[in-house]
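work_29.cif follows (mmCIF, C-alpha atoms):
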data_my_file
loop_
_atom_site.label_atom_id
_atom_site.label_comp_id
_atom_site.auth_asym_id
_atom_site.auth_seq_id
_atom_site.Cartn_x
_atom_site.Cartn_y
_atom_site.Cartn_z
CA MET F 1 -185.67 44.91 -131.91
CA TYR F 2 -187.36 47.46 -129.63
CA ILE F 3 -183.92 48.85 -128.66
CA GLY F 4 -182.99 49.25 -132.34
CA ILE F 5 -186.19 51.20 -133.10
CA GLN F 6 -185.74 53.36 -130.02
CA PHE F 7 -182.16 54.12 -131.05
CA ASN F 8 -183.31 55.12 -134.57
CA VAL F 9 -185.98 57.44 -133.15
CA VAL F 10 -183.42 59.08 -130.86
CA ALA F 11 -180.99 59.46 -133.77
CA VAL F 12 -183.69 61.08 -135.95
CA ILE F 13 -184.59 63.49 -133.14
CA GLN F 14 -180.93 64.43 -132.69
CA VAL F 15 -180.51 65.05 -136.44
CA LYS F 16 -183.65 67.24 -136.46
CA ARG F 17 -182.24 69.27 -133.55
CA ILE F 18 -178.99 69.79 -135.41
CA PHE F 19 -180.82 70.96 -138.54
CA LEU F 20 -182.99 73.32 -136.49
CA LEU F 21 -179.89 74.70 -134.81
CA PHE F 22 -177.98 75.01 -138.12
CA PRO F 23 -179.42 78.41 -139.24
CA SER F 24 -178.47 79.95 -135.91
CA ILE F 25 -174.93 78.61 -136.30
CA VAL F 26 -174.54 79.91 -139.84
CA LEU F 27 -175.54 83.43 -138.88
CA LEU F 28 -174.42 84.03 -135.33
CA CYS F 29 -175.32 87.67 -135.14
CA SER F 30 -176.91 90.26 -137.33
CA CYS F 31 -177.36 93.54 -135.54
CA THR F 32 -178.49 96.71 -137.20
CA ALA F 33 -179.61 100.11 -136.06
CA VAL F 34 -180.32 103.36 -137.86
CA LYS F 35 -180.98 106.65 -136.15
CA PHE F 36 -182.21 109.83 -137.86
CA ASN F 37 -182.29 113.33 -136.36
CA PRO F 38 -185.90 114.49 -136.87
CA ARG F 39 -184.81 118.16 -137.14
CA TYR F 40 -183.53 117.34 -140.61
CA GLU F 41 -186.77 115.80 -141.90
CA GLN F 42 -187.51 117.13 -145.42
CA GLN F 43 -184.59 119.60 -145.45
CA GLN F 44 -184.41 119.18 -149.25
CA TRP F 45 -180.69 118.55 -149.48
CA HIS F 46 -179.30 118.75 -153.01
CA THR F 47 -175.80 117.23 -152.82
CA VAL F 48 -173.88 114.82 -150.61
CA ILE F 49 -170.31 113.54 -150.86
CA VAL F 50 -169.53 109.91 -150.10
CA ALA F 51 -166.17 109.94 -148.31
CA PRO F 52 -163.94 106.92 -148.77
CA PHE F 53 -164.73 104.57 -145.89
CA SER F 54 -161.86 104.05 -143.46
CA GLY F 55 -160.79 100.85 -141.81
CA ASP F 56 -159.24 97.63 -142.96
CA SER F 57 -158.87 96.11 -146.42
CA SER F 58 -162.64 95.66 -146.85
CA GLU F 59 -163.25 99.42 -146.94
CA ARG F 60 -162.61 99.68 -150.70
CA THR F 61 -165.23 97.06 -151.44
CA VAL F 62 -167.69 98.79 -149.13
CA SER F 63 -167.01 102.26 -150.61
CA LYS F 64 -167.48 100.96 -154.16
CA ARG F 65 -170.74 99.23 -153.29
CA VAL F 66 -172.07 102.31 -151.46
CA ASP F 67 -171.12 104.51 -154.45
CA TYR F 68 -172.76 102.15 -156.92
CA GLN F 69 -176.02 101.77 -155.03
CA LEU F 70 -176.49 105.41 -154.02
CA SER F 71 -175.57 106.95 -157.37
CA THR F 72 -179.01 106.25 -158.86
CA LEU F 73 -181.04 108.23 -156.34
CA ALA F 74 -183.21 110.94 -157.87
CA GLY F 75 -183.69 114.30 -156.22
CA ILE F 76 -180.19 114.43 -154.74
CA THR F 77 -176.73 114.50 -156.30
CA VAL F 78 -174.39 111.90 -154.82
CA ILE F 79 -170.69 112.58 -155.42
CA PRO F 80 -169.11 109.11 -155.18
CA SER F 81 -165.94 108.40 -153.21
CA TYR F 82 -163.96 107.59 -156.35
CA ASN F 83 -164.34 111.25 -157.44
CA VAL F 84 -163.17 112.68 -154.12
CA ASP F 85 -159.47 112.45 -155.02
CA MET F 86 -160.03 114.31 -158.29
CA LEU F 87 -162.05 117.03 -156.55
CA LEU F 88 -159.41 117.41 -153.84
CA LYS F 89 -156.83 118.06 -156.60
CA GLN F 90 -159.11 120.55 -158.37
CA HIS F 91 -159.60 122.55 -155.17
CA ASP F 92 -155.97 122.35 -153.97
CA LEU F 93 -156.89 120.31 -150.91
CA GLN F 94 -154.83 117.19 -151.55
CA GLU F 95 -151.97 118.15 -149.21
CA GLN F 96 -154.42 119.11 -146.47
CA TYR F 97 -156.19 115.77 -147.01
CA GLU F 98 -152.96 113.88 -146.36
CA GLN F 99 -152.50 115.68 -143.03
CA HIS F 100 -156.12 116.07 -141.90
CA PRO F 101 -158.45 114.02 -144.12
CA ARG F 102 -161.72 114.82 -142.34
CA GLU F 103 -161.10 118.58 -142.29
CA ALA F 104 -160.18 118.53 -145.97
CA LEU F 105 -163.36 116.59 -146.86
CA PHE F 106 -165.60 119.09 -145.13
CA GLU F 107 -163.71 121.98 -146.74
CA LEU F 108 -164.26 120.26 -150.10
CA ALA F 109 -167.96 119.81 -149.27
CA LYS F 110 -168.29 123.56 -148.69
CA LYS F 111 -166.46 124.35 -151.95
CA VAL F 112 -168.75 122.12 -154.02
CA ASN F 113 -171.88 123.25 -152.13
CA ALA F 114 -172.58 119.82 -150.69
CA ASP F 115 -175.12 119.78 -147.90
CA GLY F 116 -173.52 116.80 -146.20
CA VAL F 117 -170.89 114.10 -146.15
CA ILE F 118 -171.46 110.37 -145.81
CA GLU F 119 -168.56 108.85 -143.92
CA GLY F 120 -167.97 105.45 -142.42
CA GLU F 121 -165.67 102.82 -141.03
CA VAL F 122 -165.25 99.11 -141.75
CA ILE F 123 -163.80 96.51 -139.39
CA SER F 124 -163.63 92.89 -140.48
CA ASN F 125 -162.09 89.77 -138.99
CA HIS F 126 -161.38 86.50 -140.79
CA ALA F 127 -162.11 83.21 -139.14
CA ASN F 128 -158.86 81.77 -137.80
CA ARG F 129 -157.60 79.48 -135.03
CA SER F 130 -158.60 81.88 -132.26
CA GLN F 131 -161.88 83.00 -133.86
CA ALA F 132 -164.25 80.44 -135.39
CA PHE F 133 -166.32 82.85 -137.48
CA HIS F 134 -166.05 85.79 -139.90
CA GLN F 135 -167.17 89.14 -138.56
CA VAL F 136 -167.91 92.49 -140.24
CA GLU F 137 -168.82 95.78 -138.57
CA ILE F 138 -169.76 98.83 -140.63
CA THR F 139 -170.59 102.21 -139.19
CA SER F 140 -171.87 105.03 -141.37
CA ARG F 141 -173.10 108.53 -140.71
CA ILE F 142 -174.43 111.47 -142.64
CA VAL F 143 -172.93 114.70 -141.33
CA ASP F 144 -174.20 118.24 -141.99
CA THR F 145 -171.52 120.29 -143.75
CA ASN F 146 -172.45 123.56 -142.05
CA ASN F 147 -172.48 122.62 -138.38
CA LEU F 148 -170.90 119.10 -138.43
CA ALA F 149 -173.98 117.69 -136.69
CA ILE F 150 -174.81 114.04 -137.22
CA VAL F 151 -177.97 113.85 -139.29
CA ALA F 152 -178.21 110.05 -139.42
CA THR F 153 -176.12 107.17 -138.22
CA SER F 154 -176.22 103.47 -138.95
CA TYR F 155 -174.43 100.46 -137.53
CA GLU F 156 -174.32 96.97 -138.97
CA GLN F 157 -172.60 93.96 -137.43
CA ASN F 158 -172.75 90.48 -138.94
CA SER F 159 -170.98 87.26 -138.05
CA ALA F 160 -171.06 83.92 -139.83
CA LEU F 161 -169.39 80.53 -139.68
CA ILE F 162 -170.02 79.64 -143.31
CA GLY F 163 -169.26 81.64 -146.44
CA SER F 164 -166.55 84.11 -147.26
CA LEU F 165 -165.72 87.35 -145.52
CA ASN F 166 -166.37 89.12 -148.83
CA GLU F 167 -169.94 87.75 -149.00
CA LEU F 168 -170.55 88.81 -145.41
CA SER F 169 -169.14 92.27 -146.17
CA MET F 170 -171.43 92.65 -149.21
CA GLN F 171 -174.48 91.63 -147.15
CA SER F 172 -173.60 94.13 -144.42
CA THR F 173 -172.97 96.86 -147.00
CA ASP F 174 -176.34 96.24 -148.67
CA GLU F 175 -178.05 96.66 -145.29
CA ILE F 176 -176.11 99.89 -144.60
CA VAL F 177 -177.01 101.21 -148.07
CA ALA F 178 -180.70 100.49 -147.47
CA GLU F 179 -180.52 102.48 -144.25
CA LEU F 180 -178.62 105.34 -145.95
CA GLN F 181 -181.27 105.42 -148.69
CA ILE F 182 -184.01 105.77 -146.08
CA ALA F 183 -182.12 108.62 -144.39
CA LEU F 184 -181.46 110.35 -147.73
CA ALA F 185 -185.14 109.98 -148.62
CA LYS F 186 -185.98 111.85 -145.43
CA LEU F 187 -183.62 114.57 -146.68
CA GLY F 188 -185.46 114.84 -150.00
CA ALA F 189 -183.97 112.11 -152.19
CA GLN F 190 -186.30 109.85 -154.16
CA LEU F 191 -185.69 106.12 -153.82
CA PRO F 192 -185.33 104.16 -157.10
#
As structure tokens, please, write out the structure in this file.
Amino acid sequence: MYIGIQFNVVAVIQVKRIFLLFPSIVLLCSCTAVKFNPRYEQQQWHTVIVAPFSGDSSERTVSKRVDYQLSTLAGITVIPSYNVDMLLKQHDLQEQYEQHPREALFELAKKVNADGVIEGEVISNHANRSQAFHQVEITSRIVDTNNLAIVATSYEQNSALIGSLNELSMQSTDEIVAELQIALAKLGAQLP
């Protein structure tokens, strides 16, 4: 009987260890960093353009979520990425955009008197036979239209074993948006 009780105690301890380890397995890595150039503190920017994020198939979801969450900021006009195509047509920059997208975006920013451009990149990997977890990396930066200096930059990397890649992408995007809001607040925007 003593052996049976000892075995049950060992089994309970092992189960507890698994449950304590479980949260670290679910979220393998969540790394974030935001940097802000202090020279730009309280510059009182009026307008920024959100460029369509580049990268893999997740970039549309990320761009839409960034547009949606930044569009309600007071004190700064945010031109969302879904309006960029229309503005490129209005300012005869569509052909240039096809050849040199970044140059065309900054030319557009000057034409619409935008102080800066928010640009970014998305890289995501599905779990598969060679990789046991989903992974999303999002990089964003706010760039000064006049001198192309980086005003703020943010990097988010998340990995998870459980859940969908879309859920992981939304979580990473929300963290990037929070960091962009902080940077835009330093430039004069008012957080909702």
(request) Would you mind reading off the distance between atom CA of Gly55 of chain F and atom CA of Phe36 of chain F, one decimal, in Å? (result) 23.6 Å
(message) On this structure, the PyMOL selection byres ((chain F and resi 146) around 9) would catch which residues? List them as a VMD selection string, sorted by chain and number.
(response) chain F and resid 106 110 115 to 116 143 to 145 147 to 149
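In this structure, atom CA of Gln181 of chain F sits 11.8 Å away from atom CA of Thr153 of chain F.
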(message) Nearest residue to Ala185 of chain F out of F:Val122, F:Ala74, F:Ile79, F:Leu93, using only C-alpha atoms?
(response)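 That would be F:Ala74, the residue with the smallest distance to Ala185 of chain F.
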(message) Please compute the atom CA of Ala109 of chain F-atom CA of Val48 of chain F distance, one decimal, in Å.
(response)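 It comes out at 7.9 Å.
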(request) Place a sphere of radius 7 Å on (-178.8, 104.5, -139.3) in the file coordinates and name every protein, DNA or RNA residue with an atom inside or on its surface, counting all atoms listed in the file; give the answer as a list in words. (result)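 Returned residue set, sorted by chain then number, is Ala33, Val34, Lys35, Phe36, Ala152, Thr153, Ser154, Tyr155, Glu179 and Leu180 of chain F.
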(request) May I have the residues at most 7 Å from (-185.5, 111.4, -143.2) in the file's coordinates, counting all atoms listed in the file, as JSON, numbers by chain? (result) {"F": [36, 40, 41, 42, 182, 183, 184, 185, 186, 187]}
(message) the PyMOL selection byres ((chain F and resi 173) around 8) - which residues does that actually catch in the file I just gave you? List them as an NGL selection string.
(response) :F and (62 or 65-66 or 138 or 169-172 or 174-177)
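Using only C-alpha atoms, the nearest neighbour of Ala104 of chain F within the list F:Ser159, F:Gly120, F:Val78, F:Val84 is F:Val84.
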(message) Between F:Gln157, F:Pro80, F:Ile150, F:Ser124, which residue has the minimum interatomic distance to Asn37 of chain F, considering all atoms listed in the file?
(response) F:Ile150
(message) So that I can check the surroundings of Gln190 of chain F, please list as a list in words every protein, DNA and RNA residue that reaches within 8 Å of it, counting all atoms listed in the file and ignoring chain neighbours fewer than 2 positions away.
(response)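 My list of contacting residues is Leu73, Ala74, Gly75, Ile76, Ala185, Gly188 and Pro192 of chain F.
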